[in-house]
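Structure file protein.tsv (TSV, C-alpha atoms and all ligand atoms) follows.
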```
chain	number	residue	atom	x	y	z
A	1	MET	CA	93.93	94.77	103.21
A	2	LYS	CA	95.18	98.03	101.64
A	3	LYS	CA	93.56	98.79	98.24
A	4	ILE	CA	95.91	98.35	95.25
A	5	LEU	CA	96.16	101.31	92.84
A	6	PHE	CA	98.24	101.55	89.66
A	7	LYS	CA	99.62	104.62	87.89
A	8	ARG	CA	98.66	105.06	84.22
A	9	LYS	CA	101.98	103.98	82.63
A	10	PRO	CA	102.09	100.39	81.24
A	11	ILE	CA	102.38	98.00	84.19
A	12	VAL	CA	105.50	95.82	84.16
A	13	CYS	CA	105.03	92.36	85.68
A	14	LEU	CA	107.25	89.31	85.96
A	15	THR	CA	107.22	86.04	87.85
A	16	ALA	CA	109.69	85.15	90.60
A	17	TYR	CA	110.05	81.97	92.62
A	18	ASN	CA	112.88	83.02	94.96
A	19	LYS	CA	114.50	85.98	96.71
A	20	PHE	CA	117.36	86.47	94.24
A	21	THR	CA	115.20	86.71	91.12
A	22	ALA	CA	112.71	88.90	93.01
A	23	GLN	CA	115.49	91.28	94.11
A	24	ILE	CA	116.49	91.90	90.48
A	25	ALA	CA	112.92	92.05	89.14
A	26	ASP	CA	111.86	94.43	91.92
A	27	GLU	CA	114.10	97.18	90.47
A	28	PHE	CA	112.20	97.12	87.17
A	29	CYS	CA	108.72	95.79	87.90
A	30	ASP	CA	105.49	97.17	89.31
A	31	LEU	CA	104.14	93.74	90.18
A	32	ILE	CA	105.83	90.43	90.93
A	33	LEU	CA	103.83	87.24	90.63
A	34	VAL	CA	104.70	84.04	92.44
A	35	GLY	CA	103.01	82.07	89.70
A	36	ASP	CA	102.14	78.41	89.77
A	37	SER	CA	104.13	78.27	86.52
A	38	LEU	CA	106.60	77.31	89.28
A	39	GLY	CA	105.53	73.72	88.62
A	40	MET	CA	106.70	73.83	85.00
A	41	ALA	CA	109.43	76.51	84.86
A	42	TYR	CA	111.18	75.54	88.10
A	43	TYR	CA	110.26	71.96	88.96
A	44	GLY	CA	109.95	70.74	85.36
A	45	PHE	CA	106.54	69.10	85.78
A	46	SER	CA	104.31	68.88	82.69
A	47	THR	CA	101.51	71.08	84.11
A	48	THR	CA	100.94	73.62	86.89
A	49	ARG	CA	98.58	71.22	88.65
A	50	ALA	CA	101.31	69.56	90.69
A	51	VAL	CA	101.98	72.74	92.70
A	52	SER	CA	100.67	72.47	96.26
A	53	LEU	CA	99.67	75.19	98.71
A	54	ASP	CA	102.81	74.47	100.76
A	55	ASP	CA	105.01	74.73	97.61
A	56	ILE	CA	103.68	78.16	96.66
A	57	ILE	CA	103.87	79.45	100.25
A	58	ARG	CA	107.50	78.33	100.64
A	59	HIS	CA	108.54	80.04	97.38
A	60	ALA	CA	106.47	83.15	98.15
A	61	LYS	CA	108.19	83.51	101.54
A	62	SER	CA	111.51	83.54	99.73
A	63	VAL	CA	110.26	86.04	97.10
A	64	LYS	CA	109.02	88.37	99.85
A	65	LEU	CA	112.62	88.64	101.11
A	66	GLY	CA	113.65	90.15	97.75
A	67	ILE	CA	110.86	92.71	97.34
A	68	LYS	CA	111.12	96.32	98.50
A	69	LYS	CA	108.55	98.16	96.38
A	70	SER	CA	106.65	95.96	93.93
A	71	ILE	CA	103.14	94.64	94.49
A	72	MET	CA	103.44	90.95	95.31
A	73	VAL	CA	100.76	88.57	94.04
A	74	VAL	CA	100.67	84.84	94.80
A	75	ASP	CA	98.84	82.27	92.68
A	76	MET	CA	96.33	80.05	94.43
A	77	PRO	CA	97.25	76.52	93.28
A	78	PHE	CA	94.92	74.10	91.50
A	79	GLY	CA	92.27	72.66	93.83
A	80	THR	CA	92.71	75.26	96.57
A	81	TYR	CA	89.66	77.42	95.70
A	82	THR	CA	86.90	75.03	94.75
A	83	THR	CA	84.44	76.35	97.40
A	84	LYS	CA	84.07	79.74	99.13
A	85	LYS	CA	85.10	78.16	102.43
A	86	SER	CA	88.25	76.43	101.13
A	87	ALA	CA	89.20	79.49	99.07
A	88	LEU	CA	89.01	81.80	102.08
A	89	LYS	CA	90.89	79.40	104.36
A	90	ASN	CA	93.68	78.92	101.81
A	91	ALA	CA	93.87	82.57	100.71
A	92	LYS	CA	94.12	83.68	104.35
A	93	LYS	CA	96.92	81.16	104.90
A	94	ILE	CA	98.81	82.48	101.85
A	95	VAL	CA	98.41	86.13	102.90
A	96	GLN	CA	99.26	85.54	106.56
A	97	LEU	CA	102.33	83.37	105.94
A	98	THR	CA	103.80	85.21	102.95
A	99	LYS	CA	102.68	88.81	103.64
A	100	CYS	CA	101.77	89.16	99.94
A	101	ASP	CA	99.52	91.99	98.72
A	102	ALA	CA	97.06	89.85	96.76
A	103	VAL	CA	96.24	86.39	95.46
A	104	LYS	CA	95.44	85.38	91.87
A	105	LEU	CA	92.74	82.88	90.85
A	106	GLU	CA	92.04	81.42	87.42
A	107	GLY	CA	88.53	81.60	85.96
A	108	GLY	CA	85.81	84.04	84.94
A	109	LYS	CA	82.08	84.08	85.68
A	110	GLU	CA	82.19	80.61	87.31
A	111	LYS	CA	84.65	81.84	89.95
A	112	SER	CA	83.13	85.29	90.50
A	113	GLU	CA	81.12	84.39	93.63
A	114	ILE	CA	84.21	82.88	95.28
A	115	ILE	CA	86.24	85.96	94.34
A	116	LYS	CA	83.54	88.30	95.70
A	117	TYR	CA	83.62	86.35	98.97
A	118	LEU	CA	87.41	86.69	99.29
A	119	ILE	CA	87.23	90.43	98.59
A	120	LYS	CA	84.40	90.84	101.13
A	121	ASN	CA	86.82	89.23	103.58
A	122	LYS	CA	89.50	91.82	102.77
A	123	ILE	CA	91.69	89.70	100.46
A	124	ASN	CA	92.84	91.55	97.31
A	125	VAL	CA	92.28	89.41	94.22
A	126	MET	CA	93.73	89.46	90.71
A	127	GLY	CA	91.69	87.60	88.08
A	128	HIS	CA	92.99	85.43	85.22
A	129	VAL	CA	90.99	84.70	82.06
A	130	GLY	CA	91.67	83.45	78.52
A	131	LEU	CA	93.88	80.39	78.48
A	132	LEU	CA	93.82	78.91	81.98
A	133	PRO	CA	96.95	76.82	82.66
A	134	GLN	CA	95.28	74.98	85.56
A	135	LYS	CA	92.77	73.50	83.07
A	136	ILE	CA	95.58	72.01	80.98
A	137	LYS	CA	96.14	68.29	81.37
A	138	SER	CA	98.14	67.68	78.17
A	139	ASN	CA	99.68	69.57	75.22
A	140	LYS	CA	96.54	69.28	73.09
A	141	ASP	CA	94.69	71.54	75.57
A	142	TYR	CA	96.83	74.58	74.60
A	143	LYS	CA	94.42	76.58	72.43
A	144	ILE	CA	94.30	80.32	71.75
A	145	LYS	CA	91.06	81.79	73.11
A	146	GLY	CA	88.71	84.26	71.43
A	147	ARG	CA	89.06	83.10	67.83
A	148	ASN	CA	85.28	82.89	67.37
A	149	LEU	CA	82.41	85.17	68.36
A	150	ARG	CA	81.18	82.88	71.14
A	151	GLU	CA	84.58	82.83	72.85
A	152	ARG	CA	84.99	86.60	72.39
A	153	LYS	CA	81.63	87.24	74.02
A	154	LYS	CA	82.54	84.86	76.84
A	155	LEU	CA	85.82	86.73	77.50
A	156	VAL	CA	84.02	90.08	77.77
A	157	ASP	CA	81.34	88.50	79.98
A	158	ASP	CA	84.02	86.96	82.23
A	159	ILE	CA	85.82	90.29	82.58
A	160	LYS	CA	82.56	92.02	83.57
A	161	HIS	CA	81.81	89.40	86.22
A	162	LEU	CA	85.31	89.67	87.67
A	163	GLU	CA	85.10	93.46	87.76
A	164	GLN	CA	81.75	93.29	89.52
A	165	ALA	CA	83.27	90.86	92.02
A	166	GLY	CA	85.90	93.53	92.78
A	167	VAL	CA	89.23	92.32	91.34
A	168	PHE	CA	91.91	95.02	91.17
A	169	SER	CA	93.37	93.70	87.90
A	170	ILE	CA	93.05	90.78	85.46
A	171	VAL	CA	95.61	88.65	83.60
A	172	LEU	CA	94.49	87.96	80.02
A	173	GLU	CA	96.38	84.98	78.60
A	174	ALA	CA	96.80	83.68	75.03
A	175	THR	CA	93.89	85.26	73.17
A	176	SER	CA	93.54	86.46	69.60
A	177	PHE	CA	94.51	90.13	69.17
A	178	ASP	CA	90.92	91.08	68.23
A	179	ALA	CA	89.48	89.40	71.30
A	180	ALA	CA	92.01	91.20	73.51
A	181	GLU	CA	91.08	94.53	71.92
A	182	ASP	CA	87.42	93.77	72.61
A	183	VAL	CA	88.20	93.03	76.25
A	184	LEU	CA	90.22	96.27	76.53
A	185	LYS	CA	87.30	98.28	75.14
A	186	HIS	CA	84.97	96.89	77.80
A	187	SER	CA	87.29	96.70	80.83
A	188	LYS	CA	87.44	99.11	83.74
A	189	VAL	CA	90.30	97.48	85.70
A	190	PRO	CA	93.88	97.12	84.38
A	191	ILE	CA	94.28	94.18	82.00
A	192	ILE	CA	97.71	92.52	82.16
A	193	GLY	CA	98.42	90.70	78.92
A	194	ILE	CA	100.43	87.59	78.19
A	195	GLY	CA	100.02	86.74	74.54
A	196	ALA	CA	97.09	89.17	74.22
A	197	SER	CA	97.73	92.71	72.88
A	198	VAL	CA	100.42	95.36	73.06
A	199	ASN	CA	97.63	97.76	74.08
A	200	CYS	CA	96.98	95.98	77.38
A	201	ASP	CA	97.46	98.08	80.52
A	202	GLY	CA	100.51	95.95	81.33
A	203	GLN	CA	102.40	92.81	80.33
A	204	VAL	CA	103.58	89.77	82.25
A	205	LEU	CA	106.01	87.00	81.33
A	206	VAL	CA	107.54	84.05	83.11
A	207	THR	CA	111.05	85.29	83.93
A	208	GLU	CA	112.75	81.99	82.99
A	209	ASP	CA	111.10	82.21	79.54
A	210	LEU	CA	112.45	85.68	78.78
A	211	LEU	CA	115.88	84.70	80.09
A	212	GLY	CA	116.08	81.85	77.57
A	213	PHE	CA	116.22	78.85	79.90
A	214	PHE	CA	114.11	76.75	77.53
A	215	ASP	CA	114.43	75.80	73.84
A	216	LYS	CA	110.68	75.62	73.23
A	217	VAL	CA	108.53	78.52	74.38
A	218	PRO	CA	105.09	79.80	73.38
A	219	LYS	CA	104.89	82.36	70.54
A	220	PHE	CA	104.04	85.10	73.07
A	221	VAL	CA	107.48	84.84	74.69
A	222	LYS	CA	110.32	87.08	73.61
A	223	LYS	CA	113.70	85.73	74.72
A	224	TYR	CA	115.77	88.70	75.86
A	225	THR	CA	118.87	86.54	76.32
A	226	ASN	CA	119.89	82.89	76.13
A	227	LEU	CA	120.94	81.87	79.63
A	228	LYS	CA	120.75	78.18	78.72
A	229	LYS	CA	123.63	78.65	76.25
A	230	GLN	CA	125.63	80.66	78.77
A	231	ILE	CA	125.10	78.07	81.52
A	232	ILE	CA	126.16	75.23	79.19
A	233	LYS	CA	129.34	77.15	78.33
A	234	ALA	CA	130.15	77.98	81.97
A	235	ILE	CA	129.52	74.46	83.31
A	236	GLY	CA	131.40	72.95	80.36
A	237	ASN	CA	134.43	75.17	81.13
A	238	TYR	CA	134.27	74.24	84.82
A	239	ALA	CA	134.24	70.51	84.00
A	240	LYS	CA	137.21	70.96	81.61
A	241	ASP	CA	139.18	72.87	84.27
A	242	VAL	CA	138.53	70.25	86.95
A	243	ARG	CA	139.59	67.40	84.65
A	244	SER	CA	142.75	69.21	83.55
A	245	ARG	CA	143.55	70.34	87.12
A	246	LYS	CA	143.31	74.00	86.15
A	247	PHE	CA	140.79	74.54	88.94
A	248	PRO	CA	141.17	75.41	91.78
A	249	THR	CA	143.98	77.92	91.24
A	250	LYS	CA	146.03	79.56	93.99
A	251	GLN	CA	143.35	82.27	94.22
A	252	ASN	CA	140.74	79.71	95.17
A	253	ILE	CA	142.57	77.92	98.01
A	254	TYR	CA	143.51	78.87	101.59
A	255	ASN	CA	147.01	79.26	103.04
A	301	LIG	O1	101.64	81.07	86.81
A	301	LIG	C1	102.03	82.07	86.19
A	301	LIG	O2	103.22	82.38	86.12
A	301	LIG	C2	101.02	82.91	85.55
A	301	LIG	C3	101.48	83.94	84.57
A	301	LIG	C4	102.01	83.30	83.37
A	301	LIG	C5	100.44	84.93	84.27
A	301	LIG	O3	99.87	82.76	85.82
```

Let me see whether you can do it: turn the structure in this file into structure tokens.
Ligand code: KIV
Amino acid sequence: MKKILFKRKPIVCLTAYNKFTAQIADEFCDLILVGDSLGMAYYGFSTTRAVSLDDIIRHAKSVKLGIKKSIMVVDMPFGTYTTKKSALKNAKKIVQLTKCDAVKLEGGKEKSEIIKYLIKNKINVMGHVGLLPQKIKSNKDYKIKGRNLRERKKLVDDIKHLEQAGVFSIVLEATSFDAAEDVLKHSKVPIIGIGASVNCDGQVLVTEDLLGFFDKVPKFVKKYTNLKKQIIKAIGNYAKDVRSRKFPTKQNIYN
């Protein structure tokens, strides 16, 4: 695969699950992630674990149709990279069927041999450390990482292992600011933050979160609009118009 290089400006990343969102994001982003947040933000499941390989491939094929210039990264779903052999088989399937530029895997040191193996086999890999959504089975598992020395040391150690394995970039999710700064001091590849530090080499958010689809979002989300409110208003107006026979009007029917 072609090597992925970034320019030095902060890297703008967003998620997309279909062509139409990708088309809009592509204008503004450097990297578009077909994240397995799909399971929660699109399908409404309680964790990302319900996303299958076929689910992510189907959505990634759609996203690919909307991308002209951004780097496209596809998440490897839970359970699809437990061994070197299964990881390579599944990563190859994702790359071949979706024509993405890279895959993303969750985990640090413990996944570094698998990641090295994928890269040796010409698959570009993005790492993901800090809070790992695929480890979350219930709400009580959401915990900010790096609040004590042991966790901070582990984050830096994980980053080093991923770099040595050859990742082109790493997502750092939901860490204390100090831990993120520590990671940034020690990292050689671009660190893409989500709830980490404003000084990261780039930032990523789930697009539906920033658009305001949901009432409850993590602290690291900034809602740039409130689409939920706008959708409620629009659908409410449509229902009123249908019930009062104001819709369709002459403009909406055929002669
Ligand atoms: O699945 C996802 O969307 C992600 C981002 C939140 C980084 O992994």

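A distance search around ligand LIG 301 (chain A) (6 Å at most, all atoms listed in the file) returns the following protein and nucleic acid residues: Thr15, Gly35, Asp36, Ser37, Leu205 and Val206 of chain A.
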
CA of Gly79 in chain A to CA of Lys160 in chain A, distance in Å rounded to a single decimal: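 Calculated distance between CA of Gly79 in chain A and CA of Lys160 in chain A is 24.0 Å.
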
Of the listed residues A:Val74, A:Ala16, A:Val183, A:Met40, that which approaches Lys153 in chain A most closely, counting all atoms listed in the file: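 Answer, going by the shortest atom-to-atom distance: A:Val183.
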
From CA of Ala91 in chain A to CA of Ile114 in chain A the spacing works out at 11.1 Å

Go ahead and compute the interatomic distance for CA of Asn18 in chain A and CA of Asp55 in chain A, in Å to one decimal.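 That distance, rounded to one decimal, is 11.7 Å.
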
Here is a test: counting all atoms listed in the file, which residue of A:Met76, A:Val167, A:Val95, A:Val217 is nearest to Tyr117 in chain A?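 Looking only at the distances to Tyr117 in chain A, the closest residue turns out to be A:Val167.
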
Residue neighbourhood Gly66 in chain A, 6 Å, all atoms listed in the file, exclusion window fewer than 3 positions, as a list in words: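 Answer for this query is Lys19, Ala22, Gln23 and Val63 of chain A.
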
Could you give me, as CSV, every range 92-171 of chain A residue with an atom at most 9 Å from range 185-203 of chain A, plus its closest atom pair and distance in Å to one decimal, counting all atoms listed in the file, rows ordered by chain then number?
```
residue,atom,partner,partner_atom,distance
A:Gly130,CA,A:Ala196,CA,9.0
A:Val156,CA,A:His186,CA,6.9
A:Ile159,CA,A:Ser187,CA,6.8
A:Lys160,CA,A:Ser187,CA,7.2
A:Glu163,CA,A:Val189,CA,6.9
A:Val167,CA,A:Val189,CA,7.7
A:Phe168,CA,A:Val189,CA,6.2
A:Ser169,CA,A:Pro190,CA,4.9
A:Ile170,CA,A:Ile191,CA,5.0
A:Val171,CA,A:Ile192,CA,4.6
```

In the coordinates of the file, take the point (89.2, 94.5, 105.2) and a cut-off of 12 Å; then, counting all atoms listed in the file, name each qualifying protein, DNA or RNA residue as a PyMOL selection string. chain A and resi 1-3+92+117-124

Restricting the calculation to only C-alpha atoms, which member of A:Asp157, A:Glu173, A:Gln164, A:Lys246 is positioned closest to Lys143 in chain A?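 When distances to Lys143 in chain A are compared using only C-alpha atoms, the smallest one comes from A:Glu173.
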
From the options A:Ile115, A:Leu210, A:Leu38, A:Thr175, which residue's atoms come nearest to Ser86 in chain A, counting only C-alpha atoms?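 For Ser86 in chain A, the nearest of the candidates is A:Ile115.
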